[in-house]
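*Asks:* Dropping in upload.pdb, with PDB, C-alpha atoms.
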ATOM      1  CA  MET A   1      82.445 -59.374  51.228
ATOM      2  CA  ILE A   2      79.762 -56.755  50.705
ATOM      3  CA  ASN A   3      79.608 -53.048  49.802
ATOM      4  CA  ASN A   4      78.745 -50.813  52.768
ATOM      5  CA  ILE A   5      75.778 -49.228  50.976
ATOM      6  CA  GLU A   6      74.512 -52.642  49.856
ATOM      7  CA  LEU A   7      74.647 -53.867  53.453
ATOM      8  CA  GLU A   8      72.549 -50.899  54.558
ATOM      9  CA  GLU A   9      69.985 -51.526  51.829
ATOM     10  CA  ILE A  10      69.492 -55.248  52.456
ATOM     11  CA  ILE A  11      68.853 -54.574  56.158
ATOM     12  CA  ASN A  12      66.600 -51.588  55.400
ATOM     13  CA  ASN A  13      64.584 -53.782  53.051
ATOM     14  CA  LYS A  14      64.345 -56.621  55.576
ATOM     15  CA  LEU A  15      63.245 -54.344  58.433
ATOM     16  CA  LYS A  16      61.136 -52.042  56.185
ATOM     17  CA  SER A  17      62.945 -49.103  57.770
ATOM     18  CA  HIS A  18      61.942 -46.518  55.167
ATOM     19  CA  SER A  19      58.265 -46.850  56.118
ATOM     20  CA  ILE A  20      58.817 -46.415  59.881
ATOM     21  CA  ASN A  21      58.907 -43.094  61.718
ATOM     22  CA  ASP A  22      61.564 -43.247  64.419
ATOM     23  CA  PRO A  23      61.938 -40.128  66.599
ATOM     24  CA  TYR A  24      64.764 -41.689  68.601
ATOM     25  CA  SER A  25      67.381 -42.748  66.066
ATOM     26  CA  ILE A  26      68.771 -42.255  62.598
ATOM     27  CA  ASN A  27      68.400 -45.748  61.153
ATOM     28  CA  GLY A  28      70.926 -47.232  58.785
ATOM     29  CA  LEU A  29      74.476 -46.036  58.156
ATOM     30  CA  GLN A  30      75.438 -43.421  60.780
ATOM     31  CA  VAL A  31      79.205 -43.237  60.298
ATOM     32  CA  GLU A  32      80.796 -44.223  56.996
ATOM     33  CA  GLY A  33      84.007 -46.195  56.909
ATOM     34  CA  LYS A  34      85.565 -48.399  54.242
ATOM     35  CA  LYS A  35      83.536 -49.307  51.172
ATOM     36  CA  LYS A  36      84.128 -53.051  51.267
ATOM     37  CA  ILE A  37      83.042 -54.973  54.354
ATOM     38  CA  SER A  38      84.437 -58.403  55.192
ATOM     39  CA  LYS A  39      83.927 -58.638  58.964
ATOM     40  CA  ILE A  40      81.032 -57.306  61.032
ATOM     41  CA  VAL A  41      80.692 -56.899  64.811
ATOM     42  CA  THR A  42      77.223 -56.523  66.343
ATOM     43  CA  GLY A  43      75.945 -55.523  69.777
ATOM     44  CA  VAL A  44      73.002 -53.910  71.510
ATOM     45  CA  THR A  45      74.470 -50.465  72.214
ATOM     46  CA  ILE A  46      77.412 -48.571  70.772
ATOM     47  CA  CYS A  47      80.060 -47.842  73.385
ATOM     48  CA  GLN A  48      83.831 -47.524  73.492
ATOM     49  CA  LYS A  49      84.219 -51.110  74.685
ATOM     50  CA  LEU A  50      82.314 -52.455  71.671
ATOM     51  CA  ILE A  51      84.365 -50.249  69.336
ATOM     52  CA  ASP A  52      87.569 -51.536  70.960
ATOM     53  CA  TYR A  53      86.451 -55.135  70.389
ATOM     54  CA  ALA A  54      85.727 -54.293  66.735
ATOM     55  CA  ILE A  55      89.219 -52.806  66.338
ATOM     56  CA  GLU A  56      90.787 -55.853  68.009
ATOM     57  CA  LEU A  57      88.899 -58.170  65.646
ATOM     58  CA  ASN A  58      89.783 -56.065  62.565
ATOM     59  CA  ALA A  59      86.093 -55.490  61.847
ATOM     60  CA  ASP A  60      84.988 -53.271  58.975
ATOM     61  CA  ALA A  61      81.547 -52.512  60.413
ATOM     62  CA  ILE A  62      79.588 -52.365  63.652
ATOM     63  CA  ILE A  63      75.812 -52.881  63.719
ATOM     64  CA  VAL A  64      73.855 -51.956  66.853
ATOM     65  CA  HIS A  65      70.330 -51.306  68.088
ATOM     66  CA  HIS A  66      71.258 -48.125  69.982
ATOM     67  CA  GLY A  67      73.517 -45.940  67.854
ATOM     68  CA  LEU A  68      75.187 -42.531  68.175
ATOM     69  CA  LEU A  69      72.909 -40.241  66.191
ATOM     70  CA  LYS A  70      69.343 -39.088  66.766
ATOM     71  CA  PRO A  71      67.125 -37.034  64.428
ATOM     72  CA  LYS A  72      67.258 -33.272  64.943
ATOM     73  CA  ASN A  73      69.612 -33.455  67.904
ATOM     74  CA  ASP A  74      71.967 -30.578  68.634
ATOM     75  CA  LEU A  75      75.098 -32.585  67.983
ATOM     76  CA  LYS A  76      78.280 -31.530  69.687
ATOM     77  CA  VAL A  77      81.341 -33.637  68.991
ATOM     78  CA  ILE A  78      82.795 -33.468  72.483
ATOM     79  CA  GLY A  79      83.555 -35.910  75.289
ATOM     80  CA  LEU A  80      82.490 -39.494  74.634
ATOM     81  CA  MET A  81      81.049 -38.602  71.227
ATOM     82  CA  SER A  82      84.444 -37.243  70.184
ATOM     83  CA  ASN A  83      86.272 -40.322  71.480
ATOM     84  CA  ARG A  84      83.919 -42.759  69.783
ATOM     85  CA  LEU A  85      83.885 -40.974  66.442
ATOM     86  CA  ARG A  86      87.670 -40.668  66.494
ATOM     87  CA  SER A  87      88.005 -44.413  67.074
ATOM     88  CA  LEU A  88      85.558 -45.247  64.288
ATOM     89  CA  LEU A  89      87.005 -42.836  61.724
ATOM     90  CA  THR A  90      90.655 -43.525  62.530
ATOM     91  CA  ASN A  91      90.037 -47.250  61.992
ATOM     92  CA  ASN A  92      87.759 -46.728  58.967
ATOM     93  CA  ILE A  93      84.864 -48.623  60.608
ATOM     94  CA  ASN A  94      81.262 -48.253  59.406
ATOM     95  CA  LEU A  95      78.627 -47.786  62.106
ATOM     96  CA  TYR A  96      75.013 -48.829  61.489
ATOM     97  CA  ALA A  97      72.013 -48.639  63.831
ATOM     98  CA  TRP A  98      68.410 -49.817  63.625
ATOM     99  CA  HIS A  99      66.164 -48.801  66.504
ATOM    100  CA  ILE A 100      62.334 -48.893  66.188
ATOM    101  CA  PRO A 101      62.542 -51.049  63.012
ATOM    102  CA  LEU A 102      64.378 -53.677  65.070
ATOM    103  CA  ASP A 103      61.933 -53.366  67.968
ATOM    104  CA  ILE A 104      58.774 -54.096  65.996
ATOM    105  CA  HIS A 105      59.793 -56.489  63.199
ATOM    106  CA  LEU A 106      57.565 -59.543  63.465
ATOM    107  CA  GLU A 107      60.373 -61.997  62.687
ATOM    108  CA  LEU A 108      63.635 -60.471  63.943
ATOM    109  CA  GLY A 109      62.251 -57.818  66.285
ATOM    110  CA  ASN A 110      63.074 -57.433  69.963
ATOM    111  CA  ASN A 111      59.513 -58.069  71.147
ATOM    112  CA  THR A 112      59.182 -61.213  69.049
ATOM    113  CA  GLN A 113      62.583 -62.539  70.088
ATOM    114  CA  PHE A 114      61.881 -61.736  73.748
ATOM    115  CA  ALA A 115      58.734 -63.863  73.582
ATOM    116  CA  LYS A 116      60.603 -66.643  71.796
ATOM    117  CA  SER A 117      63.389 -66.732  74.381
ATOM    118  CA  LEU A 118      60.896 -66.998  77.266
ATOM    119  CA  ASN A 119      58.543 -69.432  75.473
ATOM    120  CA  ILE A 120      55.661 -66.943  75.539
ATOM    121  CA  ASN A 121      52.798 -67.562  73.130
ATOM    122  CA  ILE A 122      52.143 -64.327  71.221
ATOM    123  CA  ILE A 123      48.425 -63.495  71.020
ATOM    124  CA  GLY A 124      48.575 -59.994  69.536
ATOM    125  CA  ASN A 125      49.559 -56.344  69.915
ATOM    126  CA  LEU A 126      48.193 -53.491  72.022
ATOM    127  CA  ASN A 127      50.071 -51.110  69.724
ATOM    128  CA  ASN A 128      53.088 -51.517  67.454
ATOM    129  CA  LEU A 129      55.459 -51.470  70.448
ATOM    130  CA  ILE A 130      53.552 -53.695  72.892
ATOM    131  CA  MET A 131      52.794 -57.389  72.489
ATOM    132  CA  TYR A 132      50.726 -59.592  74.757
ATOM    133  CA  GLY A 133      50.371 -63.326  75.206
ATOM    134  CA  ASN A 134      50.587 -66.185  77.677
ATOM    135  CA  PHE A 135      52.569 -69.230  78.740
ATOM    136  CA  ASN A 136      51.489 -72.805  78.130
ATOM    137  CA  LYS A 137      50.371 -72.914  81.742
ATOM    138  CA  ILE A 138      49.403 -70.397  84.383
ATOM    139  CA  ILE A 139      52.442 -69.381  86.453
ATOM    140  CA  THR A 140      52.973 -67.440  89.651
ATOM    141  CA  SER A 141      54.467 -63.954  89.773
ATOM    142  CA  ASN A 142      57.534 -65.377  91.535
ATOM    143  CA  GLU A 143      57.996 -68.008  88.822
ATOM    144  CA  LEU A 144      58.034 -65.234  86.204
ATOM    145  CA  TYR A 145      60.591 -63.335  88.277
ATOM    146  CA  LEU A 146      62.862 -66.402  88.287
ATOM    147  CA  ILE A 147      62.376 -66.986  84.558
ATOM    148  CA  LEU A 148      63.389 -63.396  83.782
ATOM    149  CA  SER A 149      66.361 -63.466  86.175
ATOM    150  CA  ASN A 150      67.709 -66.742  84.833
ATOM    151  CA  LYS A 151      67.214 -65.892  81.173
ATOM    152  CA  LEU A 152      68.385 -62.283  81.158
ATOM    153  CA  HIS A 153      71.282 -62.679  83.630
ATOM    154  CA  CYS A 154      70.478 -59.444  85.445
ATOM    155  CA  ASP A 155      68.697 -58.075  88.490
ATOM    156  CA  ILE A 156      64.938 -57.720  88.027
ATOM    157  CA  ILE A 157      62.828 -55.055  89.731
ATOM    158  CA  HIS A 158      59.423 -56.540  90.566
ATOM    159  CA  TYR A 159      56.373 -54.837  92.043
ATOM    160  CA  ASN A 160      53.579 -57.244  92.924
ATOM    161  CA  TYR A 161      50.331 -55.585  93.932
ATOM    162  CA  ASN A 162      47.769 -58.258  93.076
ATOM    163  CA  ASN A 163      49.278 -61.574  94.276
ATOM    164  CA  ASN A 164      47.397 -63.270  91.458
ATOM    165  CA  LEU A 165      48.496 -66.042  89.189
ATOM    166  CA  ILE A 166      49.661 -64.837  85.782
ATOM    167  CA  ASN A 167      47.586 -66.155  82.900
ATOM    168  CA  GLU A 168      48.334 -63.299  80.492
ATOM    169  CA  LEU A 169      51.065 -60.668  80.222
ATOM    170  CA  ALA A 170      52.114 -57.744  78.051
ATOM    171  CA  TRP A 171      55.684 -56.750  77.249
ATOM    172  CA  CYS A 172      57.621 -53.955  75.593
ATOM    173  CA  THR A 173      61.390 -54.357  75.397
ATOM    174  CA  GLY A 174      63.540 -51.367  76.259
ATOM    175  CA  SER A 175      61.981 -48.221  77.658
ATOM    176  CA  GLY A 176      58.281 -49.124  77.779
ATOM    177  CA  HIS A 177      57.351 -48.113  81.322
ATOM    178  CA  ASN A 178      55.211 -45.172  80.176
ATOM    179  CA  TYR A 179      52.813 -47.648  78.551
ATOM    180  CA  ILE A 180      51.805 -49.177  81.873
ATOM    181  CA  GLU A 181      48.429 -47.403  81.947
ATOM    182  CA  LEU A 182      47.605 -48.565  78.414
ATOM    183  CA  VAL A 183      48.372 -52.138  79.485
ATOM    184  CA  ALA A 184      46.307 -51.809  82.663
ATOM    185  CA  ARG A 185      43.308 -50.333  80.857
ATOM    186  CA  SER A 186      43.414 -53.218  78.371
ATOM    187  CA  GLY A 187      42.663 -55.585  81.269
ATOM    188  CA  ILE A 188      46.096 -57.207  81.452
ATOM    189  CA  ASN A 189      47.487 -57.184  84.991
ATOM    190  CA  CYS A 190      51.109 -58.128  84.254
ATOM    191  CA  PHE A 191      53.578 -55.943  82.337
ATOM    192  CA  VAL A 192      57.261 -56.583  81.575
ATOM    193  CA  THR A 193      59.572 -53.928  80.158
ATOM    194  CA  GLY A 194      63.140 -52.719  80.524
ATOM    195  CA  ASN A 195      62.998 -49.452  82.448
ATOM    196  CA  ILE A 196      61.133 -48.032  85.408
ATOM    197  CA  SER A 197      60.239 -44.504  86.508
ATOM    198  CA  GLU A 198      59.072 -43.131  89.839
ATOM    199  CA  ASN A 199      55.494 -42.943  88.553
ATOM    200  CA  THR A 200      55.481 -46.582  87.473
ATOM    201  CA  ILE A 201      55.383 -47.757  91.071
ATOM    202  CA  TYR A 202      52.142 -45.907  91.779
ATOM    203  CA  TYR A 203      50.486 -46.978  88.524
ATOM    204  CA  SER A 204      51.232 -50.624  89.276
ATOM    205  CA  GLN A 205      49.987 -50.196  92.837
ATOM    206  CA  GLU A 206      46.754 -48.393  91.972
ATOM    207  CA  TYR A 207      45.940 -50.661  89.023
ATOM    208  CA  LYS A 208      46.879 -53.715  91.137
ATOM    209  CA  MET A 209      49.415 -54.987  88.604
ATOM    210  CA  ASN A 210      52.497 -57.139  88.522
ATOM    211  CA  PHE A 211      55.239 -54.973  87.021
ATOM    212  CA  TYR A 212      58.744 -56.129  86.060
ATOM    213  CA  ALA A 213      61.643 -53.903  84.994
ATOM    214  CA  ALA A 214      64.143 -56.306  83.448
ATOM    215  CA  ASN A 215      66.898 -53.909  82.291
ATOM    216  CA  HIS A 216      66.719 -51.933  79.046
ATOM    217  CA  ASP A 217      69.685 -53.512  77.253
ATOM    218  CA  ASN A 218      69.104 -57.061  78.478
ATOM    219  CA  THR A 219      65.543 -57.126  77.143
ATOM    220  CA  GLU A 220      66.842 -56.045  73.724
ATOM    221  CA  VAL A 221      69.590 -58.561  73.090
ATOM    222  CA  GLY A 222      67.261 -60.748  71.037
ATOM    223  CA  GLY A 223      66.705 -58.468  68.057
ATOM    224  CA  ILE A 224      70.326 -57.721  67.239
ATOM    225  CA  TYR A 225      71.229 -61.366  67.881
ATOM    226  CA  ALA A 226      68.530 -62.505  65.431
ATOM    227  CA  LEU A 227      69.690 -59.934  62.875
ATOM    228  CA  SER A 228      73.255 -61.208  63.312
ATOM    229  CA  ASN A 229      72.164 -64.767  62.525
ATOM    230  CA  TRP A 230      70.126 -63.547  59.543
ATOM    231  CA  LEU A 231      73.268 -61.898  58.155
ATOM    232  CA  LYS A 232      75.331 -65.019  58.855
ATOM    233  CA  ASN A 233      72.870 -66.972  56.727
ATOM    234  CA  LYS A 234      73.828 -64.641  53.885
ATOM    235  CA  ASN A 235      77.411 -65.893  54.251
ATOM    236  CA  LEU A 236      78.640 -62.762  56.019
ATOM    237  CA  ASP A 237      81.263 -62.934  58.784
ATOM    238  CA  VAL A 238      79.404 -61.660  61.876
ATOM    239  CA  THR A 239      80.467 -61.719  65.529
ATOM    240  CA  PHE A 240      77.817 -60.816  68.102
ATOM    241  CA  ILE A 241      79.227 -59.366  71.335
ATOM    242  CA  ASN A 242      76.868 -59.278  74.298
ATOM    243  CA  LEU A 243      78.019 -56.503  76.615
ATOM    244  CA  SER A 244      74.569 -56.396  78.229
ATOM    245  CA  THR A 245      74.963 -59.597  80.206
ATOM    246  CA  LYS A 246      76.738 -59.991  83.538
ATOM    247  CA  ASN A 247      77.824 -63.475  82.545
ATOM    248  CA  ASN A 248      81.174 -62.968  80.789
ATOM    249  CA  LYS A 249      81.175 -66.588  79.625
ATOM    250  CA  ASN A 250      78.382 -65.555  77.267
ATOM    251  CA  LEU A 251      80.217 -62.547  75.860
ATOM    252  CA  PHE A 252      80.542 -63.764  72.289
ATOM    253  CA  ASN A 253      77.730 -65.188  70.152
ATOM    254  CA  LYS A 254      75.451 -66.147  73.043
ATOM    255  CA  PHE A 255      71.945 -65.209  74.169
TER
END
Write the structure described by the file as structure tokens, please.
*Replies:*
Amino acid sequence: MINNIELEEIINNKLKSHSINDPYSINGLQVEGKKKISKIVTGVTICQKLIDYAIELNADAIIVHHGLLKPKNDLKVIGLMSNRLRSLLTNNINLYAWHIPLDIHLELGNNTQFAKSLNINIIGNLNNLIMYGNFNKIITSNELYLILSNKLHCDIIHYNYNNNLINELAWCTGSGHNYIELVARSGINCFVTGNISENTIYYSQEYKMNFYAANHDNTEVGGIYALSNWLKNKNLDVTFINLSTKNNKNLFNKF
């Protein structure tokens, strides 16, 4: 059992959240529930289905990567926001979220865990959100497509405009498609991220790149899963629920 404020602080300290500017999320405790926490549910993104699982499991807290609250947003408690908050508050469940801090952490972070899950050797960073590296051997663009499809259990969008073998690649989990020009100008001709935009197609074509959009949530399972295991090692009762995957056999505690 742990105090809800203590839980927030140990994760903040681990992820160094106080030193990170995050324009996309309020990091830490977003909705306060009961003071004492015995059971924790974790997942990539807060949604009603995850909240319902937490209620079913009698959880005292939910920890996610994508939470409910953003800095300086014009918050209206209507629609889905109203439903979700009502479910959390009625059941006295704490909601925590860590966004950029969980993307960039060199041990537990999404980019690091993505590389680990695909057996990519990390060489370095292009910026704090983009890593680059290589595999133990040169692979084809189709082999990378199959690796991503099999590992992430989702449909992969692939644009191949160079037909070259892949000896180096860059990646940014989540919504990294706007960094494609930075990757291209660095001399790396293969980029993997979660999302795609209309412009991405033309950038990959004109820079003669391999580009893979591997689903926002599916590329970011690794960070929250690693954080869940880190908390388990502190003797906390944590259940990770993977709603990002299409494979329902892997719903609980799998990545």
*Asks:* Which residue out of A:Asn3, A:Ser244, A:Ser117, A:Ser141 has the minimum interatomic distance to Gly43 in chain A when all atoms listed in the file are used?
*Replies:*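 Selected residue with least distance to Gly43 in chain A: A:Ser244.
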*Asks:* Grab the CA of Asn94 in chain A to CA of His216 in chain A distance for me, in Å with one decimal place.
*Replies:*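 Computing the Euclidean distance for CA of Asn94 in chain A and CA of His216 in chain A yields 24.7 Å.
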*Asks:* Extract, using all atoms listed in the file, all DNA, RNA and protein residues at most 7 Å from Asn160 in chain A, discarding same-chain residues fewer than 5 positions from it, and format them as a list in words.
*Replies:*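 Once the adjacent positions are removed, what remains is Met209, Asn210 and Phe211 of chain A.
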*Asks:* Could you please take those selected residues and save C-alpha atoms as a PDB file, in the coordinates of the input?
*Replies:*
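And here is the file that came out, again.pdb:
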ATOM      1  CA  MET A 209      49.415 -54.987  88.604  1.00  0.00           C
ATOM      2  CA  ASN A 210      52.497 -57.139  88.522  1.00  0.00           C
ATOM      3  CA  PHE A 211      55.239 -54.973  87.021  1.00  0.00           C
TER       4      PHE A 211
END
*Asks:* Find the residue from A:Ile130, A:Val64, A:Val192, A:Val183 that sits nearest to Ala226 in chain A; use all atoms listed in the file when measuring.
*Replies:*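 Under the stated criterion, the closest residue is A:Val64.
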*Asks:* Which of these, A:Tyr179, A:Tyr159, A:Tyr145, A:Trp171, has the shortest distance to Gln113 in chain A once you count only C-alpha atoms?
*Replies:*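 Among the listed residues, A:Trp171 lies closest to Gln113 in chain A.
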*Asks:* One decimal, Å: what's the distance from CA of His158 in chain A over to CA of Ser25 in chain A, could you say?
*Replies:*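 Distance reported for this atom pair: 29.2 Å.
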*Asks:* Can you pull out every residue within 12 Å of Lys234 in chain A, counting only C-alpha atoms, but drop anything in the same chain fewer than 6 positions away, and send it as a VMD selection string?
*Replies:* chain A and resid 1 to 2 7 10 to 11 227 to 228
*Asks:* Mind writing the picked residues with C-alpha atoms as a compact mmCIF listing (two decimals), in the coordinates of the input?
*Replies:*
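Printed below is selection_32.txt as written:
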# COMPACT_ATOMS: atom_id res chain seq x y z
CA MET A 1 82.44 -59.37 51.23
CA ILE A 2 79.76 -56.76 50.70
CA LEU A 7 74.65 -53.87 53.45
CA ILE A 10 69.49 -55.25 52.46
CA ILE A 11 68.85 -54.57 56.16
CA LEU A 227 69.69 -59.93 62.88
CA SER A 228 73.26 -61.21 63.31
*Asks:* Rank A:Ala61, A:Tyr96, A:Phe240, A:Lys76 by their smallest atom-to-atom distance to Asn27 in chain A, using all atoms listed in the file, and report the top residue only.
*Replies:*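 Closest to Asn27 in chain A, using all atoms listed in the file: A:Tyr96.
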*Asks:* Centre and edge lengths, as AutoDock Vina command-line options, for the axis-aligned box enclosing every listed atom of range 203-216 of chain A with 4 Å of padding on each of the six sides, in Å to one decimal?
*Replies:*
--center_x 56.4 --center_y -52.1 --center_z 85.9 --size_x 29.0 --size_y 18.2 --size_z 21.8
*Asks:* Starting from the shown file, work through the PyMOL selection byres ((chain A and resi 195) around 10) and note down what comes out as a PyMOL selection string.
*Replies:* chain A and resi 157+172-178+192-194+196-197+200+212-217+219
*Asks:* Between A:Leu129, A:Val41, A:Lys34, A:Cys47, which residue has the minimum interatomic distance to His105 in chain A, considering all atoms listed in the file?
*Replies:*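 Of the candidates, the smallest distance to His105 in chain A is held by A:Leu129.
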*Asks:* Select, from A:Leu243, A:Ile123, A:Ile62, A:Leu118, the residue with the minimum atom-to-atom distance to Ile93 in chain A, counting only C-alpha atoms.
*Replies:*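 Nearest to Ile93 in chain A: A:Ile62.
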*Asks:* (60.7, -56.1, 67.4) in this file's frame - what residues fall within 12 Å of it? Use only C-alpha atoms and give the answer as a PyMOL selection string.
*Replies:* chain A and resi 15-16+65+98-116+125+127-131+171-174+219-227
*Asks:* Expanded to explicit residues, what is the PyMOL selection byres ((chain A and resi 136) around 8) for this file, as an mmCIF file with C-alpha atoms, in the frame of the given file?
*Replies:*
data_model
loop_
_atom_site.group_PDB
_atom_site.id
_atom_site.type_symbol
_atom_site.label_atom_id
_atom_site.label_comp_id
_atom_site.auth_asym_id
_atom_site.auth_seq_id
_atom_site.Cartn_x
_atom_site.Cartn_y
_atom_site.Cartn_z
ATOM 1 C CA ILE A 120 55.661 -66.943 75.539
ATOM 2 C CA ASN A 121 52.798 -67.562 73.130
ATOM 3 C CA ASN A 134 50.587 -66.185 77.677
ATOM 4 C CA PHE A 135 52.569 -69.230 78.740
ATOM 5 C CA LYS A 137 50.371 -72.914 81.742
ATOM 6 C CA ILE A 138 49.403 -70.397 84.383
#
*Asks:* What is the distance, in Å and to one decimal place, between CA of Asp155 in chain A and CA of Leu80 in chain A?
*Replies:* 27.0 Å
